[in-house]
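Shown next: data.pdb, containing PDB, C-alpha atoms.
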ATOM      1  CA  MET A  68      96.153 116.205 106.166  1.00  0.00           C
ATOM      2  CA  PRO A  69      97.494 116.235 109.767  1.00  0.00           C
ATOM      3  CA  ALA A  70     101.241 116.759 110.071  1.00  0.00           C
ATOM      4  CA  ASP A  71     101.936 113.339 111.597  1.00  0.00           C
ATOM      5  CA  GLU A  72      99.949 111.364 109.016  1.00  0.00           C
ATOM      6  CA  ARG A  73     101.898 109.542 106.300  1.00  0.00           C
ATOM      7  CA  ASP A  74     101.214 110.422 102.697  1.00  0.00           C
ATOM      8  CA  PRO A  75      99.247 107.466 101.210  1.00  0.00           C
ATOM      9  CA  GLY A  76     101.147 107.926  97.948  1.00  0.00           C
ATOM     10  CA  LEU A  77     104.431 107.186  99.799  1.00  0.00           C
ATOM     11  CA  GLN A  78     106.165 110.144  98.137  1.00  0.00           C
ATOM     12  CA  PRO A  79     109.009 110.349 100.706  1.00  0.00           C
ATOM     13  CA  GLU A  80     109.589 106.598 100.361  1.00  0.00           C
ATOM     14  CA  ARG A  81     109.752 106.832  96.558  1.00  0.00           C
ATOM     15  CA  THR A  82     112.078 109.809  96.736  1.00  0.00           C
ATOM     16  CA  ARG A  83     114.344 107.933  99.138  1.00  0.00           C
ATOM     17  CA  LEU A  84     114.506 104.974  96.746  1.00  0.00           C
ATOM     18  CA  ALA A  85     115.279 107.369  93.864  1.00  0.00           C
ATOM     19  CA  TRP A  86     118.255 108.661  95.861  1.00  0.00           C
ATOM     20  CA  ARG A  87     119.362 105.068  96.479  1.00  0.00           C
ATOM     21  CA  ARG A  88     119.178 104.230  92.756  1.00  0.00           C
ATOM     22  CA  THR A  89     121.140 107.331  91.889  1.00  0.00           C
ATOM     23  CA  THR A  90     123.771 106.444  94.505  1.00  0.00           C
ATOM     24  CA  LEU A  91     124.114 103.014  92.888  1.00  0.00           C
ATOM     25  CA  SER A  92     124.588 104.616  89.437  1.00  0.00           C
ATOM     26  CA  CYS A  93     127.213 106.925  90.892  1.00  0.00           C
ATOM     27  CA  THR A  94     128.989 103.935  92.489  1.00  0.00           C
ATOM     28  CA  VAL A  95     129.142 102.140  89.137  1.00  0.00           C
ATOM     29  CA  VAL A  96     130.621 105.212  87.450  1.00  0.00           C
ATOM     30  CA  ALA A  97     133.145 105.732  90.265  1.00  0.00           C
ATOM     31  CA  THR A  98     134.190 102.064  90.010  1.00  0.00           C
ATOM     32  CA  LEU A  99     134.703 102.427  86.244  1.00  0.00           C
ATOM     33  CA  ALA A 100     136.723 105.593  86.901  1.00  0.00           C
ATOM     34  CA  GLY A 101     138.977 103.711  89.325  1.00  0.00           C
ATOM     35  CA  ARG A 102     139.392 100.865  86.852  1.00  0.00           C
ATOM     36  CA  GLN A 103     140.287 103.312  84.077  1.00  0.00           C
ATOM     37  CA  ALA A 104     142.886 105.044  86.255  1.00  0.00           C
ATOM     38  CA  LEU A 105     144.524 101.799  87.358  1.00  0.00           C
ATOM     39  CA  SER A 106     144.530 100.260  83.857  1.00  0.00           C
ATOM     40  CA  GLU A 107     147.373 102.641  82.941  1.00  0.00           C
ATOM     41  CA  GLY A 108     149.517 101.444  85.846  1.00  0.00           C
ATOM     42  CA  THR A 109     149.926 102.620  89.416  1.00  0.00           C
ATOM     43  CA  GLY A 110     151.986 105.760  88.956  1.00  0.00           C
ATOM     44  CA  PRO A 111     151.390 108.908  91.038  1.00  0.00           C
ATOM     45  CA  ALA A 112     149.033 110.351  88.383  1.00  0.00           C
ATOM     46  CA  ALA A 113     146.843 107.235  88.507  1.00  0.00           C
ATOM     47  CA  LEU A 114     146.684 107.323  92.301  1.00  0.00           C
ATOM     48  CA  VAL A 115     145.706 111.014  92.260  1.00  0.00           C
ATOM     49  CA  ALA A 116     142.971 110.212  89.727  1.00  0.00           C
ATOM     50  CA  VAL A 117     141.659 107.385  91.916  1.00  0.00           C
ATOM     51  CA  ALA A 118     141.725 109.620  95.001  1.00  0.00           C
ATOM     52  CA  LEU A 119     139.817 112.403  93.200  1.00  0.00           C
ATOM     53  CA  SER A 120     137.215 109.929  91.929  1.00  0.00           C
ATOM     54  CA  VAL A 121     136.743 108.536  95.441  1.00  0.00           C
ATOM     55  CA  LEU A 122     136.380 112.121  96.708  1.00  0.00           C
ATOM     56  CA  ALA A 123     133.649 112.885  94.147  1.00  0.00           C
ATOM     57  CA  TRP A 124     131.916 109.635  95.073  1.00  0.00           C
ATOM     58  CA  LEU A 125     132.083 110.442  98.797  1.00  0.00           C
ATOM     59  CA  GLY A 126     130.709 113.930  98.114  1.00  0.00           C
ATOM     60  CA  PHE A 127     127.715 112.429  96.350  1.00  0.00           C
ATOM     61  CA  LEU A 128     127.296 109.835  99.091  1.00  0.00           C
ATOM     62  CA  ARG A 129     127.158 112.580 101.724  1.00  0.00           C
ATOM     63  CA  VAL A 130     124.467 114.593  99.909  1.00  0.00           C
ATOM     64  CA  ALA A 131     122.425 111.444  99.253  1.00  0.00           C
ATOM     65  CA  HIS A 132     122.723 110.263 102.854  1.00  0.00           C
ATOM     66  CA  LEU A 133     121.640 113.613 104.328  1.00  0.00           C
ATOM     67  CA  ARG A 134     118.711 113.747 101.914  1.00  0.00           C
ATOM     68  CA  VAL A 135     117.670 110.153 102.737  1.00  0.00           C
ATOM     69  CA  LEU A 136     117.768 111.029 106.445  1.00  0.00           C
ATOM     70  CA  SER A 137     115.551 114.071 105.917  1.00  0.00           C
ATOM     71  CA  MET A 138     112.982 111.835 104.173  1.00  0.00           C
ATOM     72  CA  ALA A 139     112.118 110.384 107.604  1.00  0.00           C
ATOM     73  CA  ALA A 140     110.018 113.492 108.352  1.00  0.00           C
ATOM     74  CA  ALA A 141     106.284 113.246 107.638  1.00  0.00           C
ATOM     75  CA  ARG A 142     106.568 116.334 105.395  1.00  0.00           C
ATOM     76  CA  PRO A 143     110.118 116.567 104.100  1.00  0.00           C
ATOM     77  CA  ARG A 144     111.378 120.030 103.190  1.00  0.00           C
ATOM     78  CA  PRO A 145     112.137 120.636  99.516  1.00  0.00           C
ATOM     79  CA  MET A 146     115.658 119.833  98.356  1.00  0.00           C
ATOM     80  CA  SER A 147     117.997 122.813  98.661  1.00  0.00           C
ATOM     81  CA  PRO A 148     119.647 124.133  95.480  1.00  0.00           C
ATOM     82  CA  ARG A 149     122.992 123.407  97.096  1.00  0.00           C
ATOM     83  CA  SER A 150     122.182 119.673  97.315  1.00  0.00           C
ATOM     84  CA  ALA A 151     121.137 119.656  93.657  1.00  0.00           C
ATOM     85  CA  LEU A 152     124.256 121.533  92.635  1.00  0.00           C
ATOM     86  CA  THR A 153     126.622 119.358  94.706  1.00  0.00           C
ATOM     87  CA  SER A 154     125.224 116.071  93.420  1.00  0.00           C
ATOM     88  CA  ALA A 155     125.400 117.287  89.810  1.00  0.00           C
ATOM     89  CA  ALA A 156     128.905 118.659  90.395  1.00  0.00           C
ATOM     90  CA  CYS A 157     130.081 115.219  91.567  1.00  0.00           C
ATOM     91  CA  ALA A 158     128.784 113.667  88.327  1.00  0.00           C
ATOM     92  CA  VAL A 159     130.487 116.401  86.287  1.00  0.00           C
ATOM     93  CA  ALA A 160     133.741 115.904  88.221  1.00  0.00           C
ATOM     94  CA  LEU A 161     133.742 112.167  87.398  1.00  0.00           C
ATOM     95  CA  ALA A 162     133.225 113.002  83.710  1.00  0.00           C
ATOM     96  CA  VAL A 163     136.085 115.526  83.776  1.00  0.00           C
ATOM     97  CA  PHE A 164     138.474 112.982  85.360  1.00  0.00           C
ATOM     98  CA  ALA A 165     137.412 110.471  82.713  1.00  0.00           C
ATOM     99  CA  ALA A 166     138.187 112.952  79.928  1.00  0.00           C
ATOM    100  CA  ALA A 167     141.545 113.798  81.537  1.00  0.00           C
ATOM    101  CA  MET A 168     142.468 110.105  81.754  1.00  0.00           C
ATOM    102  CA  LEU A 169     141.730 109.575  78.046  1.00  0.00           C
ATOM    103  CA  PHE A 170     144.922 111.394  77.087  1.00  0.00           C
TER     104      PHE A 170
ATOM    105  CA  MET B 228     119.769 134.938  77.422  1.00  0.00           C
ATOM    106  CA  ASN B 229     118.577 137.118  80.283  1.00  0.00           C
ATOM    107  CA  GLU B 230     116.407 134.237  81.492  1.00  0.00           C
ATOM    108  CA  ILE B 231     119.420 131.899  81.521  1.00  0.00           C
ATOM    109  CA  VAL B 232     121.476 134.346  83.612  1.00  0.00           C
ATOM    110  CA  ARG B 233     118.640 134.734  86.094  1.00  0.00           C
ATOM    111  CA  GLY B 234     118.317 130.950  86.308  1.00  0.00           C
ATOM    112  CA  LEU B 235     122.072 130.634  86.904  1.00  0.00           C
ATOM    113  CA  ARG B 236     121.889 133.160  89.730  1.00  0.00           C
ATOM    114  CA  LEU B 237     119.191 131.047  91.385  1.00  0.00           C
ATOM    115  CA  TRP B 238     121.564 128.040  91.432  1.00  0.00           C
ATOM    116  CA  PHE B 239     123.807 129.754  93.940  1.00  0.00           C
ATOM    117  CA  ALA B 240     121.229 131.716  95.957  1.00  0.00           C
ATOM    118  CA  PRO B 241     118.876 129.315  97.732  1.00  0.00           C
ATOM    119  CA  GLN B 242     117.325 132.062  99.858  1.00  0.00           C
ATOM    120  CA  ARG B 243     116.281 133.868  96.687  1.00  0.00           C
ATOM    121  CA  LEU B 244     114.312 130.804  95.603  1.00  0.00           C
ATOM    122  CA  ARG B 245     112.530 130.712  98.986  1.00  0.00           C
ATOM    123  CA  GLU B 246     111.610 134.382  98.711  1.00  0.00           C
ATOM    124  CA  GLU B 247     109.599 133.823  95.545  1.00  0.00           C
ATOM    125  CA  GLY B 248     105.888 133.020  95.778  1.00  0.00           C
ATOM    126  CA  ASP B 249     104.466 130.422  98.173  1.00  0.00           C
ATOM    127  CA  THR B 250     105.844 127.053  99.210  1.00  0.00           C
ATOM    128  CA  PRO B 251     103.996 124.424  97.125  1.00  0.00           C
ATOM    129  CA  ASP B 252     102.596 121.166  98.501  1.00  0.00           C
ATOM    130  CA  TYR B 253     105.641 119.143  99.585  1.00  0.00           C
ATOM    131  CA  ARG B 254     104.569 116.256  97.353  1.00  0.00           C
ATOM    132  CA  PHE B 255     105.054 118.408  94.251  1.00  0.00           C
ATOM    133  CA  SER B 256     108.550 119.357  95.402  1.00  0.00           C
ATOM    134  CA  LEU B 257     109.387 115.688  95.979  1.00  0.00           C
ATOM    135  CA  ALA B 258     108.092 114.785  92.504  1.00  0.00           C
ATOM    136  CA  ASN B 259     110.299 117.523  91.048  1.00  0.00           C
ATOM    137  CA  GLU B 260     113.240 116.127  93.030  1.00  0.00           C
ATOM    138  CA  ARG B 261     112.643 112.626  91.644  1.00  0.00           C
ATOM    139  CA  THR B 262     112.567 114.001  88.114  1.00  0.00           C
ATOM    140  CA  PHE B 263     115.881 115.714  88.819  1.00  0.00           C
ATOM    141  CA  LEU B 264     117.321 112.438  90.114  1.00  0.00           C
ATOM    142  CA  ALA B 265     116.105 110.569  87.026  1.00  0.00           C
ATOM    143  CA  TRP B 266     117.925 113.102  84.824  1.00  0.00           C
ATOM    144  CA  LEU B 267     121.010 112.806  86.997  1.00  0.00           C
ATOM    145  CA  ARG B 268     120.934 109.023  86.531  1.00  0.00           C
ATOM    146  CA  THR B 269     120.682 109.572  82.777  1.00  0.00           C
ATOM    147  CA  ALA B 270     123.753 111.805  83.006  1.00  0.00           C
ATOM    148  CA  LEU B 271     125.613 109.187  85.067  1.00  0.00           C
ATOM    149  CA  ALA B 272     124.662 106.488  82.545  1.00  0.00           C
ATOM    150  CA  LEU B 273     126.072 108.599  79.693  1.00  0.00           C
ATOM    151  CA  ILE B 274     129.282 109.216  81.662  1.00  0.00           C
ATOM    152  CA  GLY B 275     129.522 105.510  82.479  1.00  0.00           C
ATOM    153  CA  GLY B 276     129.031 104.808  78.768  1.00  0.00           C
ATOM    154  CA  GLY B 277     131.972 107.090  78.022  1.00  0.00           C
ATOM    155  CA  PHE B 278     134.142 105.104  80.454  1.00  0.00           C
ATOM    156  CA  ALA B 279     132.918 101.830  78.953  1.00  0.00           C
ATOM    157  CA  VAL B 280     133.761 102.918  75.386  1.00  0.00           C
ATOM    158  CA  ALA B 281     137.231 103.958  76.532  1.00  0.00           C
ATOM    159  CA  GLN B 282     137.911 100.696  78.375  1.00  0.00           C
ATOM    160  CA  PHE B 283     136.040  97.900  76.635  1.00  0.00           C
ATOM    161  CA  LEU B 284     136.558  98.692  72.928  1.00  0.00           C
ATOM    162  CA  PRO B 285     140.329  98.242  72.552  1.00  0.00           C
ATOM    163  CA  ASP B 286     140.009  97.191  68.887  1.00  0.00           C
ATOM    164  CA  LEU B 287     138.752 100.599  67.763  1.00  0.00           C
ATOM    165  CA  PRO B 288     141.418 103.014  66.503  1.00  0.00           C
ATOM    166  CA  TRP B 289     142.532 105.457  69.214  1.00  0.00           C
ATOM    167  CA  GLY B 290     141.000 108.529  67.541  1.00  0.00           C
ATOM    168  CA  VAL B 291     137.561 106.988  67.005  1.00  0.00           C
ATOM    169  CA  ARG B 292     137.451 105.593  70.531  1.00  0.00           C
ATOM    170  CA  THR B 293     138.479 108.913  72.084  1.00  0.00           C
ATOM    171  CA  CYS B 294     135.981 110.926  70.028  1.00  0.00           C
ATOM    172  CA  LEU B 295     133.133 108.556  70.916  1.00  0.00           C
ATOM    173  CA  ALA B 296     134.054 108.563  74.616  1.00  0.00           C
ATOM    174  CA  LEU B 297     134.400 112.358  74.665  1.00  0.00           C
ATOM    175  CA  ALA B 298     131.005 112.786  72.960  1.00  0.00           C
ATOM    176  CA  LEU B 299     129.359 110.577  75.587  1.00  0.00           C
ATOM    177  CA  LEU B 300     131.133 112.373  78.451  1.00  0.00           C
ATOM    178  CA  VAL B 301     130.214 115.835  77.140  1.00  0.00           C
ATOM    179  CA  SER B 302     126.569 114.854  76.703  1.00  0.00           C
ATOM    180  CA  GLY B 303     126.616 113.462  80.260  1.00  0.00           C
ATOM    181  CA  VAL B 304     127.962 116.756  81.616  1.00  0.00           C
ATOM    182  CA  LEU B 305     125.356 118.750  79.659  1.00  0.00           C
ATOM    183  CA  CYS B 306     122.640 116.446  80.959  1.00  0.00           C
ATOM    184  CA  ALA B 307     123.744 116.914  84.598  1.00  0.00           C
ATOM    185  CA  LEU B 308     123.935 120.722  84.312  1.00  0.00           C
ATOM    186  CA  ARG B 309     120.609 120.861  82.542  1.00  0.00           C
ATOM    187  CA  ALA B 310     119.082 118.679  85.289  1.00  0.00           C
ATOM    188  CA  VAL B 311     119.973 121.318  87.904  1.00  0.00           C
ATOM    189  CA  ASN B 312     118.727 124.148  85.686  1.00  0.00           C
ATOM    190  CA  HIS B 313     115.426 122.458  84.919  1.00  0.00           C
ATOM    191  CA  TRP B 314     114.889 121.598  88.596  1.00  0.00           C
ATOM    192  CA  VAL B 315     115.414 125.234  89.628  1.00  0.00           C
ATOM    193  CA  ARG B 316     113.086 126.513  86.915  1.00  0.00           C
ATOM    194  CA  CYS B 317     110.347 124.006  87.817  1.00  0.00           C
ATOM    195  CA  GLU B 318     110.682 124.807  91.512  1.00  0.00           C
ATOM    196  CA  ARG B 319     110.407 128.543  90.803  1.00  0.00           C
ATOM    197  CA  ALA B 320     107.429 128.059  88.468  1.00  0.00           C
ATOM    198  CA  MET B 321     105.635 126.014  91.151  1.00  0.00           C
ATOM    199  CA  ARG B 322     106.305 128.700  93.786  1.00  0.00           C
ATOM    200  CA  ARG B 323     104.983 131.417  91.496  1.00  0.00           C
ATOM    201  CA  GLY B 324     102.003 129.313  90.396  1.00  0.00           C
ATOM    202  CA  GLU B 325     103.074 129.517  86.746  1.00  0.00           C
ATOM    203  CA  ASP B 326     103.016 126.798  84.081  1.00  0.00           C
ATOM    204  CA  LEU B 327     105.946 124.409  84.222  1.00  0.00           C
ATOM    205  CA  PRO B 328     108.710 125.281  81.733  1.00  0.00           C
ATOM    206  CA  VAL B 329     108.777 123.380  78.453  1.00  0.00           C
ATOM    207  CA  SER B 330     112.052 122.182  76.987  1.00  0.00           C
ATOM    208  CA  ARG B 331     113.403 120.791  73.737  1.00  0.00           C
ATOM    209  CA  PHE B 332     116.353 119.161  75.513  1.00  0.00           C
ATOM    210  CA  PRO B 333     114.779 115.654  75.727  1.00  0.00           C
ATOM    211  CA  THR B 334     114.180 115.661  71.965  1.00  0.00           C
ATOM    212  CA  LEU B 335     117.720 116.821  71.201  1.00  0.00           C
ATOM    213  CA  LEU B 336     119.223 114.218  73.558  1.00  0.00           C
ATOM    214  CA  SER B 337     117.131 111.410  72.037  1.00  0.00           C
ATOM    215  CA  LEU B 338     118.176 112.415  68.516  1.00  0.00           C
ATOM    216  CA  ALA B 339     121.843 112.545  69.545  1.00  0.00           C
ATOM    217  CA  ILE B 340     121.669 109.127  71.210  1.00  0.00           C
ATOM    218  CA  ALA B 341     119.873 107.653  68.166  1.00  0.00           C
ATOM    219  CA  ALA B 342     122.586 109.045  65.879  1.00  0.00           C
ATOM    220  CA  ALA B 343     125.342 107.630  68.106  1.00  0.00           C
ATOM    221  CA  ALA B 344     123.646 104.208  68.224  1.00  0.00           C
ATOM    222  CA  LEU B 345     123.289 104.208  64.430  1.00  0.00           C
ATOM    223  CA  ALA B 346     126.967 105.066  64.068  1.00  0.00           C
ATOM    224  CA  MET B 347     127.859 102.167  66.377  1.00  0.00           C
ATOM    225  CA  VAL B 348     125.775  99.752  64.298  1.00  0.00           C
ATOM    226  CA  VAL B 349     127.552 100.885  61.128  1.00  0.00           C
ATOM    227  CA  VAL B 350     130.944 100.500  62.826  1.00  0.00           C
ATOM    228  CA  LEU B 351     130.090  97.005  64.083  1.00  0.00           C
ATOM    229  CA  LEU B 352     128.701  95.830  60.733  1.00  0.00           C
ATOM    230  CA  PHE B 353     131.443  97.111  58.452  1.00  0.00           C
ATOM    231  CA  GLY B 354     134.407  97.476  60.767  1.00  0.00           C
ATOM    232  CA  TRP B 355     137.099 100.132  60.401  1.00  0.00           C
ATOM    233  CA  ASP B 356     139.806  98.077  58.751  1.00  0.00           C
ATOM    234  CA  SER B 357     137.953  97.116  55.561  1.00  0.00           C
TER     235      SER B 357
END
Whole structure, structure tokens version:
Amino acid sequence: MPADERDPGLQPERTRLAWRRTTLSCTVVATLAGRQALSEGTGPAALVAVALSVLAWLGFLRVAHLRVLSMAAARPRPMSPRSALTSAACAVALAVFAAAMLF
Amino acid sequence: MNEIVRGLRLWFAPQRLREEGDTPDYRFSLANERTFLAWLRTALALIGGGFAVAQFLPDLPWGVRTCLALALLVSGVLCALRAVNHWVRCERAMRRGEDLPVSRFPTLLSLAIAAAALAMVVVLLFGWDS
């Protein structure tokens, strides 16, 4: 297959949409995290929790955006372990904030 | 155990992954990436479920609600970490031309979710007060 020919199976396109879906899931979770933090009131602890959740969300958004951009190539390079680790770490961070806000 | 440690080392050393074997067809790597993303969405759904239990079930006693939410959050974290681990192992197996790794994690997760759903049904049917 020549380098400039598109893959007929649209693999880059499907991968890009998978990143979009995952970004949407992450947005829902981040919104719930913000709601949870603000349900207790708007003290300094709640604001810190909201800020950290937004930070985790932005971190995921950055990885997803860079990966979506790299899907424009005819033969995208494989995902780097750092991207995988960062996106999973953002999910874990949201879960940890959630657990911290339970108490 | 040794295998787990070696897998963990791969998480933080991308160049080591590139050194192994040959680069597979990019379509296989993208398929592996989509599988990873599907697992990450599963993890996010579990974490979101933990938030939902904590926020939308105010009638449950505090202890029950917290335990249920914590169980969902912990399983979400496990699912996210395992997603990274499985992605690395699949990527390495493809580079080396080996068989893809098998895993009993999906079975365990399904059983855990089934048990949690069953517990919820019992709670809803009989309530905690009576």
(message) Evaluated on this file, the ChimeraX specification (/B :<6) & /A picks out some residues - which ones are they, written as an MDAnalysis selection string?
(response) chainID A and resid 82 89 96 145 148 155 159 162
May I have the residues from that selection written out with C-alpha atoms, as a PDB file, in the coordinates of the input?
ATOM      1  CA  THR A  82     112.078 109.809  96.736  1.00  0.00           C
ATOM      2  CA  THR A  89     121.140 107.331  91.889  1.00  0.00           C
ATOM      3  CA  VAL A  96     130.621 105.212  87.450  1.00  0.00           C
ATOM      4  CA  PRO A 145     112.137 120.636  99.516  1.00  0.00           C
ATOM      5  CA  PRO A 148     119.647 124.133  95.480  1.00  0.00           C
ATOM      6  CA  ALA A 155     125.400 117.287  89.810  1.00  0.00           C
ATOM      7  CA  VAL A 159     130.487 116.401  86.287  1.00  0.00           C
ATOM      8  CA  ALA A 162     133.225 113.002  83.710  1.00  0.00           C
TER       9      ALA A 162
END
(request) Would you mind reading off the distance between atom CA of B:Gly248 and atom CA of B:Val329, one decimal, in Å? (result) 20.0 Å
(message) Which residues are close to stretch 124-129 of chain A, i.e. within 9 Å by all atoms listed in the file, leaving aside same-chain residues fewer than 6 positions away? Reply as JSON, numbers by chain.
(response) {"A": [90, 93, 94, 96, 97, 153, 154, 155, 156, 157, 158, 161]}
(message) Applying 9 Å and all atoms listed in the file, which residues near A:Arg134 remain after dropping the ones on its own chain fewer than 5 positions away? List them as a count of residues only.
(response) 5
(message) One number please: atom CA of A:Ala151 to atom CA of A:Leu119, in Å, one decimal.
(response)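 That distance, rounded to one decimal, is 20.0 Å.
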(message) the PyMOL selection byres ((chain A and resi 117) around 8) - which residues does that actually catch in the file I just gave you? List them as a ChimeraX atom specification.
(response) /A:100-101,104-105,113-116,118-121
(message) Quick check, in Å to one decimal: how far apart do atom CA of A:Ser106 and atom CA of B:Ala298 lie?
(response)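 These two atoms are separated by 21.4 Å.
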